[in-house]
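*Asks:* So here's run-v6.pdb, just PDB, C-alpha atoms, pLDDT in the B column:
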ATOM      1  CA  MET A 299     100.503 101.893 103.359  1.00 95.00           C
ATOM      2  CA  ILE A 300      98.754  99.683 100.821  1.00 97.00           C
ATOM      3  CA  ASP A 301      99.133  95.976 100.111  1.00 98.00           C
ATOM      4  CA  VAL A 302      99.631  94.883  96.502  1.00 98.00           C
ATOM      5  CA  THR A 303     100.703  91.660  94.779  1.00 98.00           C
ATOM      6  CA  LYS A 304     103.766  91.336  92.551  1.00 97.00           C
ATOM      7  CA  LEU A 305     103.484  89.242  89.391  1.00 96.00           C
ATOM      8  CA  ASN A 306     105.306  86.352  91.095  1.00 96.00           C
ATOM      9  CA  GLY A 307     102.536  86.221  93.728  1.00 96.00           C
ATOM     10  CA  ALA A 308     104.546  87.826  96.517  1.00 97.00           C
ATOM     11  CA  GLY A 309     102.688  90.386  98.579  1.00 97.00           C
ATOM     12  CA  VAL A 310     104.304  93.740  99.195  1.00 97.00           C
ATOM     13  CA  THR A 311     103.279  96.755 101.261  1.00 98.00           C
ATOM     14  CA  ILE A 312     104.168 100.136  99.820  1.00 97.00           C
ATOM     15  CA  ASN A 313     103.981 103.650 101.194  1.00 97.00           C
ATOM     16  CA  SER A 314     101.205 105.284  99.204  1.00 95.00           C
ATOM     17  CA  ASP A 315     102.749 108.717  99.822  1.00 95.00           C
ATOM     18  CA  LEU A 316     105.708 107.669  97.652  1.00 97.00           C
ATOM     19  CA  ILE A 317     103.605 106.782  94.587  1.00 97.00           C
ATOM     20  CA  GLU A 318     104.387 109.106  91.703  1.00 97.00           C
ATOM     21  CA  THR A 319     102.568 107.358  88.840  1.00 97.00           C
ATOM     22  CA  VAL A 320     100.514 104.231  88.163  1.00 98.00           C
ATOM     23  CA  GLU A 321     100.421 103.005  84.552  1.00 97.00           C
ATOM     24  CA  GLU A 322      98.863 100.036  82.750  1.00 96.00           C
ATOM     25  CA  THR A 323     101.202  98.970  79.953  1.00 92.00           C
ATOM     26  CA  PRO A 324      99.363  96.337  79.962  1.00 91.00           C
ATOM     27  CA  ASP A 325     100.863  95.258  83.309  1.00 95.00           C
ATOM     28  CA  THR A 326     100.328  97.746  86.120  1.00 97.00           C
ATOM     29  CA  VAL A 327     103.557  99.591  86.900  1.00 98.00           C
ATOM     30  CA  ILE A 328     103.794 101.679  90.065  1.00 98.00           C
ATOM     31  CA  THR A 329     106.610 104.247  89.953  1.00 98.00           C
ATOM     32  CA  LEU A 330     107.740 105.628  93.297  1.00 98.00           C
ATOM     33  CA  THR A 331     109.298 109.029  93.923  1.00 97.00           C
ATOM     34  CA  THR A 332     112.550 107.164  94.619  1.00 96.00           C
ATOM     35  CA  GLY A 333     112.616 105.987  90.993  1.00 96.00           C
ATOM     36  CA  ARG A 334     111.858 102.373  91.908  1.00 97.00           C
ATOM     37  CA  LYS A 335     109.261 100.636  89.736  1.00 97.00           C
ATOM     38  CA  ILE A 336     107.034  97.816  90.968  1.00 97.00           C
ATOM     39  CA  ILE A 337     104.950  95.669  88.602  1.00 98.00           C
ATOM     40  CA  VAL A 338     101.774  94.429  90.289  1.00 98.00           C
ATOM     41  CA  LYS A 339      98.745  92.261  89.504  1.00 97.00           C
ATOM     42  CA  GLU A 340      96.204  94.867  90.611  1.00 97.00           C
ATOM     43  CA  SER A 341      94.693  97.191  88.027  1.00 97.00           C
ATOM     44  CA  ARG A 342      95.440 100.904  87.964  1.00 97.00           C
ATOM     45  CA  GLN A 343      91.918 101.625  89.201  1.00 97.00           C
ATOM     46  CA  ASN A 344      92.283  99.097  92.029  1.00 98.00           C
ATOM     47  CA  VAL A 345      95.547 100.725  93.183  1.00 98.00           C
ATOM     48  CA  LYS A 346      93.808 104.104  93.089  1.00 97.00           C
ATOM     49  CA  ASN A 347      90.947 102.723  95.190  1.00 97.00           C
ATOM     50  CA  LEU A 348      93.385 101.215  97.714  1.00 97.00           C
ATOM     51  CA  VAL A 349      95.123 104.574  98.140  1.00 97.00           C
ATOM     52  CA  LYS A 350      91.800 106.391  98.546  1.00 96.00           C
ATOM     53  CA  LEU A 351      90.626 103.860 101.139  1.00 95.00           C
ATOM     54  CA  PHE A 352      93.889 104.168 103.068  1.00 95.00           C
ATOM     55  CA  LYS A 353      93.721 107.979 103.061  1.00 94.00           C
ATOM     56  CA  ARG A 354      90.082 107.864 104.147  1.00 93.00           C
ATOM     57  CA  GLU A 355      91.038 105.605 107.084  1.00 90.00           C
ATOM     58  CA  CYS A 356      93.892 107.915 108.075  1.00 90.00           C
ATOM     59  CA  TYR A 357      91.853 111.118 108.047  1.00 87.00           C
ATOM     60  CA  SER A 358      88.483 109.881 109.292  1.00 83.00           C
ATOM     61  CA  VAL A 359      87.209 111.259 112.568  1.00 72.00           C
ATOM     62  CA  GLU A 360      85.497 108.868 114.946  1.00 69.00           C
ATOM     63  CA  LEU A 361      82.940 110.335 117.293  1.00 63.00           C
TER      64      LEU A 361
END
Here is a file; write its structure as structure tokens.

*Replies:*
Amino acid sequence: MIDVTKLNGAGVTINSDLIETVEETPDTVITLTTGRKIIVKESRQNVKNLVKLFKRECYSVEL
């Protein structure tokens, strides 16, 4: 799950496994596999980094 900010300033947590595409048009539009679209303040690269960080946290092994 990643936290992003809608254009109206409201925070929203989305399931990163449901992200199909992330586009900058110029606003960043996240399209989910359900067909729902969410416009967010974060850049495309920032969303990508959030997903990578989340996945890294999920699959890291602590010794």

*Asks:* So how many Å separate CA of Met299 (chain A) and CA of Thr311 (chain A), to one decimal?

*Replies:* 6.2 Å

*Asks:* Given the PyMOL selection byres ((chain A and resi 326) around 12) and the file above, list the residues it selects as a PyMOL selection string.

*Replies:* chain A and resi 302-305+319-325+327-329+335-346

*Asks:* Quick check, in Å to one decimal: how far apart do CA of Arg334 (chain A) and CA of Phe352 (chain A) lie?

*Replies:* 21.2 Å

*Asks:* Identify which of the residues A:Cys356, A:Leu351, A:Gly333, A:Ile300 lies closest to Ser314 (chain A), counting all atoms listed in the file when measuring atom-to-atom distances.

*Replies:*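 Of the candidates, the smallest distance to Ser314 (chain A) is held by A:Ile300.
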
*Asks:* Could you please determine the separation between CA of Ser358 (chain A) and CA of Val310 (chain A) in Å, to one decimal place?

*Replies:*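 We find that CA of Ser358 (chain A) and CA of Val310 (chain A) lie 24.8 Å from each other.
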
*Asks:* Taking all atoms listed in the file into account, which of A:Asp301, A:Thr332, A:Val359, A:Arg354 comes nearest Leu316 (chain A)?

*Replies:*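 Using all atoms listed in the file, the shortest distance to Leu316 (chain A) belongs to A:Thr332.
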